[in-house]
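Undergrad: Have a peek at work33.tsv (TSV, N, CA and C atoms).
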```
chain	number	residue	atom	x	y	z
A	1	GLN	N	13.68	3.81	-15.80
A	1	GLN	CA	12.27	4.13	-15.59
A	1	GLN	C	11.75	3.33	-14.39
A	2	VAL	N	11.13	4.03	-13.47
A	2	VAL	CA	10.61	3.40	-12.26
A	2	VAL	C	9.21	2.86	-12.52
A	3	GLN	N	8.99	1.62	-12.13
A	3	GLN	CA	7.67	1.01	-12.26
A	3	GLN	C	7.29	0.32	-10.97
A	4	LEU	N	6.01	0.36	-10.64
A	4	LEU	CA	5.48	-0.31	-9.46
A	4	LEU	C	4.45	-1.33	-9.93
A	5	VAL	N	4.61	-2.56	-9.48
A	5	VAL	CA	3.70	-3.63	-9.88
A	5	VAL	C	3.11	-4.26	-8.62
A	6	GLU	N	1.78	-4.15	-8.51
A	6	GLU	CA	1.09	-4.67	-7.33
A	6	GLU	C	0.54	-6.07	-7.62
A	7	SER	N	0.36	-6.82	-6.55
A	7	SER	CA	-0.28	-8.13	-6.64
A	7	SER	C	-0.90	-8.46	-5.30
A	8	GLY	N	-1.80	-9.44	-5.31
A	8	GLY	CA	-2.34	-9.93	-4.06
A	8	GLY	C	-3.77	-9.56	-3.75
A	9	GLY	N	-4.38	-8.74	-4.58
A	9	GLY	CA	-5.78	-8.40	-4.33
A	9	GLY	C	-6.69	-9.57	-4.63
A	10	GLY	N	-7.98	-9.39	-4.30
A	10	GLY	CA	-8.94	-10.44	-4.58
A	10	GLY	C	-10.20	-10.29	-3.77
A	11	LEU	N	-10.95	-11.39	-3.73
A	11	LEU	CA	-12.22	-11.43	-3.01
A	11	LEU	C	-12.04	-12.26	-1.74
A	12	VAL	N	-12.52	-11.72	-0.63
A	12	VAL	CA	-12.39	-12.41	0.65
A	12	VAL	C	-13.63	-12.13	1.48
A	13	GLN	N	-13.96	-13.05	2.37
A	13	GLN	CA	-15.10	-12.84	3.25
A	13	GLN	C	-14.73	-11.96	4.43
A	14	THR	N	-15.72	-11.37	5.04
A	14	THR	CA	-15.51	-10.58	6.25
A	14	THR	C	-14.75	-11.40	7.29
A	15	GLY	N	-13.72	-10.76	7.86
A	15	GLY	CA	-12.88	-11.43	8.84
A	15	GLY	C	-11.68	-12.12	8.24
A	16	GLY	N	-11.63	-12.18	6.93
A	16	GLY	CA	-10.52	-12.84	6.26
A	16	GLY	C	-9.29	-11.96	6.14
A	17	SER	N	-8.29	-12.50	5.47
A	17	SER	CA	-7.01	-11.81	5.33
A	17	SER	C	-6.54	-11.82	3.88
A	18	LEU	N	-5.79	-10.79	3.54
A	18	LEU	CA	-5.11	-10.71	2.26
A	18	LEU	C	-3.76	-10.05	2.47
A	19	ARG	N	-2.83	-10.36	1.59
A	19	ARG	CA	-1.52	-9.72	1.62
A	19	ARG	C	-1.24	-9.12	0.26
A	20	LEU	N	-1.07	-7.82	0.25
A	20	LEU	CA	-0.71	-7.13	-0.99
A	20	LEU	C	0.80	-6.96	-1.08
A	21	SER	N	1.31	-7.05	-2.28
A	21	SER	CA	2.73	-6.82	-2.53
A	21	SER	C	2.89	-5.78	-3.62
A	22	CYS	N	3.97	-5.05	-3.55
A	22	CYS	CA	4.28	-4.05	-4.57
A	22	CYS	C	5.78	-4.07	-4.81
A	23	ALA	N	6.15	-4.48	-6.00
A	23	ALA	CA	7.56	-4.55	-6.36
A	23	ALA	C	7.93	-3.34	-7.20
A	24	VAL	N	9.02	-2.70	-6.81
A	24	VAL	CA	9.49	-1.51	-7.51
A	24	VAL	C	10.70	-1.87	-8.36
A	25	SER	N	10.64	-1.52	-9.63
A	25	SER	CA	11.79	-1.74	-10.51
A	25	SER	C	12.32	-0.40	-10.97
A	26	GLY	N	13.60	-0.37	-11.32
A	26	GLY	CA	14.24	0.86	-11.72
A	26	GLY	C	15.11	1.42	-10.62
A	27	ARG	N	15.85	2.46	-10.94
A	27	ARG	CA	16.76	3.04	-9.97
A	27	ARG	C	16.02	4.03	-9.08
A	28	ILE	N	16.11	3.82	-7.78
A	28	ILE	CA	15.46	4.74	-6.86
A	28	ILE	C	16.45	5.15	-5.77
A	29	ASN	N	16.19	6.33	-5.21
A	29	ASN	CA	17.00	6.79	-4.10
A	29	ASN	C	16.73	5.92	-2.88
A	30	ARG	N	17.76	5.64	-2.13
A	30	ARG	CA	17.61	4.81	-0.95
A	30	ARG	C	16.66	5.44	0.06
A	31	VAL	N	16.67	6.77	0.13
A	31	VAL	CA	15.80	7.47	1.08
A	31	VAL	C	14.47	7.73	0.42
A	32	ASN	N	13.44	7.05	0.91
A	32	ASN	CA	12.14	7.19	0.28
A	32	ASN	C	11.04	6.75	1.23
A	33	VAL	N	9.84	6.98	0.82
A	33	VAL	CA	8.66	6.54	1.56
A	33	VAL	C	7.82	5.68	0.63
A	34	MET	N	7.40	4.54	1.13
A	34	MET	CA	6.49	3.69	0.37
A	34	MET	C	5.17	3.63	1.12
A	35	ALA	N	4.10	3.57	0.37
A	35	ALA	CA	2.80	3.66	0.99
A	35	ALA	C	1.74	2.91	0.20
A	36	TRP	N	0.63	2.66	0.87
A	36	TRP	CA	-0.57	2.11	0.24
A	36	TRP	C	-1.71	3.11	0.44
A	37	HIS	N	-2.41	3.36	-0.65
A	37	HIS	CA	-3.61	4.19	-0.62
A	37	HIS	C	-4.77	3.34	-1.12
A	38	ARG	N	-5.98	3.80	-0.90
A	38	ARG	CA	-7.12	3.12	-1.46
A	38	ARG	C	-8.18	4.12	-1.91
A	39	GLN	N	-9.00	3.65	-2.83
A	39	GLN	CA	-10.04	4.54	-3.38
A	39	GLN	C	-11.26	3.73	-3.75
A	40	THR	N	-12.43	4.28	-3.41
A	40	THR	CA	-13.70	3.72	-3.83
A	40	THR	C	-14.39	4.73	-4.74
A	41	PRO	N	-15.29	4.26	-5.58
A	41	PRO	CA	-15.95	5.17	-6.53
A	41	PRO	C	-16.61	6.35	-5.82
A	42	GLY	N	-16.37	7.53	-6.32
A	42	GLY	CA	-16.99	8.74	-5.79
A	42	GLY	C	-16.31	9.31	-4.57
A	43	LYS	N	-15.24	8.67	-4.14
A	43	LYS	CA	-14.52	9.17	-2.96
A	43	LYS	C	-13.08	9.49	-3.32
A	44	GLN	N	-12.49	10.34	-2.49
A	44	GLN	CA	-11.08	10.67	-2.70
A	44	GLN	C	-10.19	9.51	-2.28
A	45	ARG	N	-9.05	9.44	-2.93
A	45	ARG	CA	-8.07	8.43	-2.53
A	45	ARG	C	-7.57	8.77	-1.14
A	46	GLU	N	-7.46	7.74	-0.29
A	46	GLU	CA	-7.00	7.98	1.07
A	46	GLU	C	-5.76	7.15	1.38
A	47	LEU	N	-4.91	7.73	2.22
A	47	LEU	CA	-3.70	7.05	2.64
A	47	LEU	C	-4.06	5.98	3.67
A	48	VAL	N	-3.65	4.76	3.42
A	48	VAL	CA	-3.93	3.66	4.34
A	48	VAL	C	-2.76	3.44	5.30
A	49	ALA	N	-1.56	3.39	4.75
A	49	ALA	CA	-0.38	3.14	5.57
A	49	ALA	C	0.86	3.58	4.81
A	50	LEU	N	1.87	4.00	5.56
A	50	LEU	CA	3.13	4.35	4.93
A	50	LEU	C	4.28	3.83	5.78
A	51	ILE	N	5.42	3.66	5.12
A	51	ILE	CA	6.62	3.21	5.81
A	51	ILE	C	7.82	3.91	5.20
A	52	THR	N	8.69	4.44	6.05
A	52	THR	CA	9.89	5.09	5.56
A	52	THR	C	10.98	4.05	5.32
A	53	ASN	N	12.06	4.47	4.72
A	53	ASN	CA	13.13	3.52	4.41
A	53	ASN	C	13.78	2.96	5.68
A	54	ASP	N	13.66	3.69	6.80
A	54	ASP	CA	14.23	3.17	8.04
A	54	ASP	C	13.18	2.53	8.94
A	55	GLY	N	11.99	2.27	8.38
A	55	GLY	CA	11.02	1.45	9.08
A	55	GLY	C	9.96	2.15	9.90
A	56	ASN	N	9.93	3.45	9.91
A	56	ASN	CA	8.87	4.16	10.63
A	56	ASN	C	7.55	4.02	9.87
A	57	THR	N	6.47	3.79	10.60
A	57	THR	CA	5.18	3.54	9.97
A	57	THR	C	4.11	4.49	10.49
A	58	ASN	N	3.06	4.61	9.70
A	58	ASN	CA	1.90	5.39	10.10
A	58	ASN	C	0.69	4.76	9.42
A	59	TYR	N	-0.45	4.79	10.14
A	59	TYR	CA	-1.64	4.11	9.63
A	59	TYR	C	-2.88	4.99	9.71
A	60	LEU	N	-3.80	4.75	8.81
A	60	LEU	CA	-5.13	5.30	8.90
A	60	LEU	C	-5.79	4.74	10.17
A	61	ASP	N	-6.48	5.57	10.90
A	61	ASP	CA	-7.05	5.13	12.18
A	61	ASP	C	-7.91	3.88	12.04
A	62	SER	N	-8.68	3.80	10.98
A	62	SER	CA	-9.63	2.69	10.85
A	62	SER	C	-8.97	1.35	10.56
A	63	VAL	N	-7.69	1.34	10.25
A	63	VAL	CA	-7.02	0.08	9.97
A	63	VAL	C	-5.99	-0.28	11.04
A	64	LYS	N	-5.79	0.60	11.99
A	64	LYS	CA	-4.81	0.32	13.04
A	64	LYS	C	-5.18	-0.96	13.80
A	65	GLY	N	-4.18	-1.80	14.01
A	65	GLY	CA	-4.41	-3.06	14.70
A	65	GLY	C	-4.86	-4.19	13.77
A	66	ARG	N	-5.21	-3.85	12.54
A	66	ARG	CA	-5.65	-4.89	11.58
A	66	ARG	C	-4.69	-5.02	10.40
A	67	PHE	N	-4.13	-3.90	9.97
A	67	PHE	CA	-3.23	-3.89	8.82
A	67	PHE	C	-1.79	-3.67	9.29
A	68	THR	N	-0.86	-4.28	8.58
A	68	THR	CA	0.56	-4.08	8.87
A	68	THR	C	1.31	-3.84	7.56
A	69	ILE	N	2.02	-2.73	7.51
A	69	ILE	CA	2.85	-2.44	6.35
A	69	ILE	C	4.29	-2.82	6.67
A	70	SER	N	4.96	-3.38	5.68
A	70	SER	CA	6.37	-3.75	5.86
A	70	SER	C	7.08	-3.61	4.52
A	71	ARG	N	8.38	-3.68	4.57
A	71	ARG	CA	9.13	-3.54	3.33
A	71	ARG	C	10.41	-4.36	3.39
A	72	ASP	N	10.85	-4.76	2.21
A	72	ASP	CA	12.12	-5.46	2.05
A	72	ASP	C	12.97	-4.56	1.16
A	73	ASN	N	13.89	-3.83	1.76
A	73	ASN	CA	14.68	-2.86	0.99
A	73	ASN	C	15.57	-3.54	-0.04
A	74	ALA	N	16.02	-4.74	0.27
A	74	ALA	CA	16.89	-5.46	-0.68
A	74	ALA	C	16.12	-5.82	-1.95
A	75	LYS	N	14.83	-6.04	-1.81
A	75	LYS	CA	14.00	-6.40	-2.95
A	75	LYS	C	13.18	-5.23	-3.49
A	76	ASN	N	13.32	-4.06	-2.85
A	76	ASN	CA	12.50	-2.89	-3.24
A	76	ASN	C	11.02	-3.27	-3.32
A	77	THR	N	10.57	-3.92	-2.28
A	77	THR	CA	9.18	-4.40	-2.25
A	77	THR	C	8.53	-3.96	-0.94
A	78	VAL	N	7.28	-3.55	-1.06
A	78	VAL	CA	6.50	-3.19	0.11
A	78	VAL	C	5.28	-4.11	0.17
A	79	TYR	N	4.88	-4.42	1.39
A	79	TYR	CA	3.77	-5.34	1.62
A	79	TYR	C	2.71	-4.67	2.49
A	80	LEU	N	1.49	-5.15	2.33
A	80	LEU	CA	0.42	-4.74	3.23
A	80	LEU	C	-0.34	-5.99	3.64
A	81	GLN	N	-0.13	-6.39	4.89
A	81	GLN	CA	-0.87	-7.52	5.45
A	81	GLN	C	-2.17	-7.00	6.03
A	82	MET	N	-3.28	-7.50	5.51
A	82	MET	CA	-4.59	-7.03	5.94
A	82	MET	C	-5.35	-8.17	6.60
A	83	ASN	N	-5.62	-8.01	7.88
A	83	ASN	CA	-6.34	-9.01	8.66
A	83	ASN	C	-7.68	-8.45	9.12
A	84	SER	N	-8.55	-9.33	9.54
A	84	SER	CA	-9.87	-8.93	10.04
A	84	SER	C	-10.55	-7.96	9.09
A	85	LEU	N	-10.56	-8.31	7.84
A	85	LEU	CA	-11.10	-7.41	6.82
A	85	LEU	C	-12.59	-7.20	6.98
A	86	LYS	N	-13.01	-5.99	6.65
A	86	LYS	CA	-14.40	-5.58	6.75
A	86	LYS	C	-14.91	-5.15	5.37
A	87	PRO	N	-16.21	-5.19	5.16
A	87	PRO	CA	-16.73	-4.73	3.86
A	87	PRO	C	-16.30	-3.30	3.51
A	88	GLU	N	-16.15	-2.46	4.52
A	88	GLU	CA	-15.74	-1.07	4.26
A	88	GLU	C	-14.28	-0.96	3.82
A	89	ASP	N	-13.53	-2.05	3.86
A	89	ASP	CA	-12.17	-2.06	3.32
A	89	ASP	C	-12.16	-2.28	1.81
A	90	THR	N	-13.31	-2.60	1.25
A	90	THR	CA	-13.40	-2.82	-0.18
A	90	THR	C	-13.00	-1.56	-0.94
A	91	ALA	N	-12.05	-1.69	-1.85
A	91	ALA	CA	-11.53	-0.55	-2.60
A	91	ALA	C	-10.48	-1.04	-3.58
A	92	VAL	N	-10.06	-0.13	-4.43
A	92	VAL	CA	-8.86	-0.37	-5.23
A	92	VAL	C	-7.69	0.17	-4.42
A	93	TYR	N	-6.71	-0.68	-4.21
A	93	TYR	CA	-5.54	-0.31	-3.42
A	93	TYR	C	-4.37	0.01	-4.36
A	94	TYR	N	-3.74	1.15	-4.08
A	94	TYR	CA	-2.65	1.63	-4.92
A	94	TYR	C	-1.35	1.71	-4.11
A	95	CYS	N	-0.30	1.22	-4.70
A	95	CYS	CA	1.03	1.36	-4.13
A	95	CYS	C	1.61	2.70	-4.57
A	96	ASN	N	2.36	3.31	-3.69
A	96	ASN	CA	2.92	4.64	-3.95
A	96	ASN	C	4.35	4.71	-3.46
A	97	LEU	N	5.21	5.29	-4.28
A	97	LEU	CA	6.60	5.51	-3.91
A	97	LEU	C	6.89	7.00	-4.01
A	98	PHE	N	7.35	7.56	-2.92
A	98	PHE	CA	7.70	8.99	-2.90
A	98	PHE	C	9.18	9.12	-2.60
A	99	LEU	N	9.89	9.81	-3.50
A	99	LEU	CA	11.32	10.00	-3.33
A	99	LEU	C	11.63	11.38	-2.76
A	100	VAL	N	12.76	11.50	-2.10
A	100	VAL	CA	13.15	12.79	-1.53
A	100	VAL	C	13.40	13.83	-2.61
A	101	THR	N	13.60	13.37	-3.85
A	101	THR	CA	13.78	14.30	-4.96
A	101	THR	C	12.46	14.98	-5.34
A	102	GLY	N	11.37	14.47	-4.80
A	102	GLY	CA	10.05	15.01	-5.11
A	102	GLY	C	9.28	14.20	-6.13
A	103	MET	N	9.93	13.19	-6.71
A	103	MET	CA	9.25	12.34	-7.67
A	103	MET	C	8.29	11.42	-6.93
A	104	ASN	N	7.15	11.20	-7.56
A	104	ASN	CA	6.07	10.43	-6.96
A	104	ASN	C	5.59	9.41	-7.98
A	105	TYR	N	5.55	8.15	-7.61
A	105	TYR	CA	5.18	7.08	-8.54
A	105	TYR	C	4.02	6.28	-7.96
A	106	TRP	N	3.19	5.76	-8.89
A	106	TRP	CA	2.01	4.98	-8.49
A	106	TRP	C	1.96	3.66	-9.24
A	107	GLY	N	1.42	2.65	-8.58
A	107	GLY	CA	1.12	1.41	-9.25
A	107	GLY	C	-0.22	1.51	-9.96
A	108	GLN	N	-0.59	0.43	-10.63
A	108	GLN	CA	-1.81	0.43	-11.44
A	108	GLN	C	-3.06	0.15	-10.61
A	109	GLY	N	-2.88	-0.30	-9.40
A	109	GLY	CA	-4.01	-0.58	-8.52
A	109	GLY	C	-4.40	-2.04	-8.53
A	110	THR	N	-4.87	-2.52	-7.39
A	110	THR	CA	-5.36	-3.88	-7.29
A	110	THR	C	-6.66	-3.87	-6.48
A	111	GLN	N	-7.65	-4.60	-6.96
A	111	GLN	CA	-8.96	-4.59	-6.34
A	111	GLN	C	-9.00	-5.52	-5.14
A	112	VAL	N	-9.52	-4.99	-4.04
A	112	VAL	CA	-9.79	-5.79	-2.84
A	112	VAL	C	-11.29	-5.70	-2.57
A	113	THR	N	-11.94	-6.84	-2.53
A	113	THR	CA	-13.37	-6.89	-2.27
A	113	THR	C	-13.63	-7.78	-1.07
A	114	VAL	N	-14.32	-7.22	-0.07
A	114	VAL	CA	-14.64	-7.96	1.14
A	114	VAL	C	-16.15	-8.17	1.17
A	115	SER	N	-16.58	-9.41	1.13
A	115	SER	CA	-18.01	-9.71	1.11
A	115	SER	C	-18.53	-9.86	2.53
A	116	SER	N	-19.77	-9.45	2.70
A	116	SER	CA	-20.38	-9.52	4.04
A	116	SER	C	-21.09	-10.85	4.26
```
In structure tokens, write the structure found in this file.
TA:
Amino acid sequence: QVQLVESGGGLVQTGGSLRLSCAVSGRINRVNVMAWHRQTPGKQRELVALITNDGNTNYLDSVKGRFTISRDNAKNTVYLQMNSLKPEDTAVYYCNLFLVTGMNYWGQGTQVTVSS
């Protein structure tokens, strides 16, 4: 059974930094995409950043230059380094694993709050 466990959320002031981690347990295909999404009340969940198993990345325009996604394939862990945080980054952040088999897994979410 595949499980995703996130950590690293919290409260930070504007301009601060946080690092989110997501550890994947269980058997997964080597070829996959790992990603971070976020959601605020009343809004749709949006893709923040993704990384393929061979390191290709893509970012939401509003976080480019501030956020960096990375992964450690040996540990089946994905990270999101968030710098220069803004109040509009406040959201619940969800880790996501998408396999080439079509299976899609989500973490439980971690709250990130940026105070002004």
Undergrad: Between A:Ser25, A:Asn73, A:Ser17, A:Ser62, which one has atoms that come closest to Leu4 (chain A), using all atoms listed in the file?
TA: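 The closest residue to Leu4 (chain A) is A:Ser25.
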Undergrad: Identify, on the basis of only N, CA and C atoms, every residue whose closest approach to Ser116 (chain A) does not exceed 6 Å; exclude the query and any residue fewer than 5 positions from it along the same chain; express the result as a ChimeraX atom specification.
TA: /A:13-14,87
Undergrad: Could you state the separation of atom C of Glu46 (chain A) and atom C of Tyr94 (chain A) in Å, given to one decimal place?
TA: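 So the two atoms, atom C of Glu46 (chain A) and atom C of Tyr94 (chain A), lie 8.9 Å apart.
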Undergrad: One decimal, Å: what's the distance from atom C of Asn53 (chain A) over to atom N of Ser70 (chain A), could you say?
TA: 10.9 Å
Undergrad: When you count only C-alpha atoms, which of these residues is closest to His37 (chain A): A:Thr101, A:Val92, A:Gln3, A:Gln108?
TA: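 Smallest distance to His37 (chain A) is found for A:Val92.
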Undergrad: Just the number, please: distance in Å from atom N of Gly9 (chain A) to atom C of Val33 (chain A), one decimal.
TA: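 Taking atom N of Gly9 (chain A) and atom C of Val33 (chain A), their separation equals 19.6 Å.
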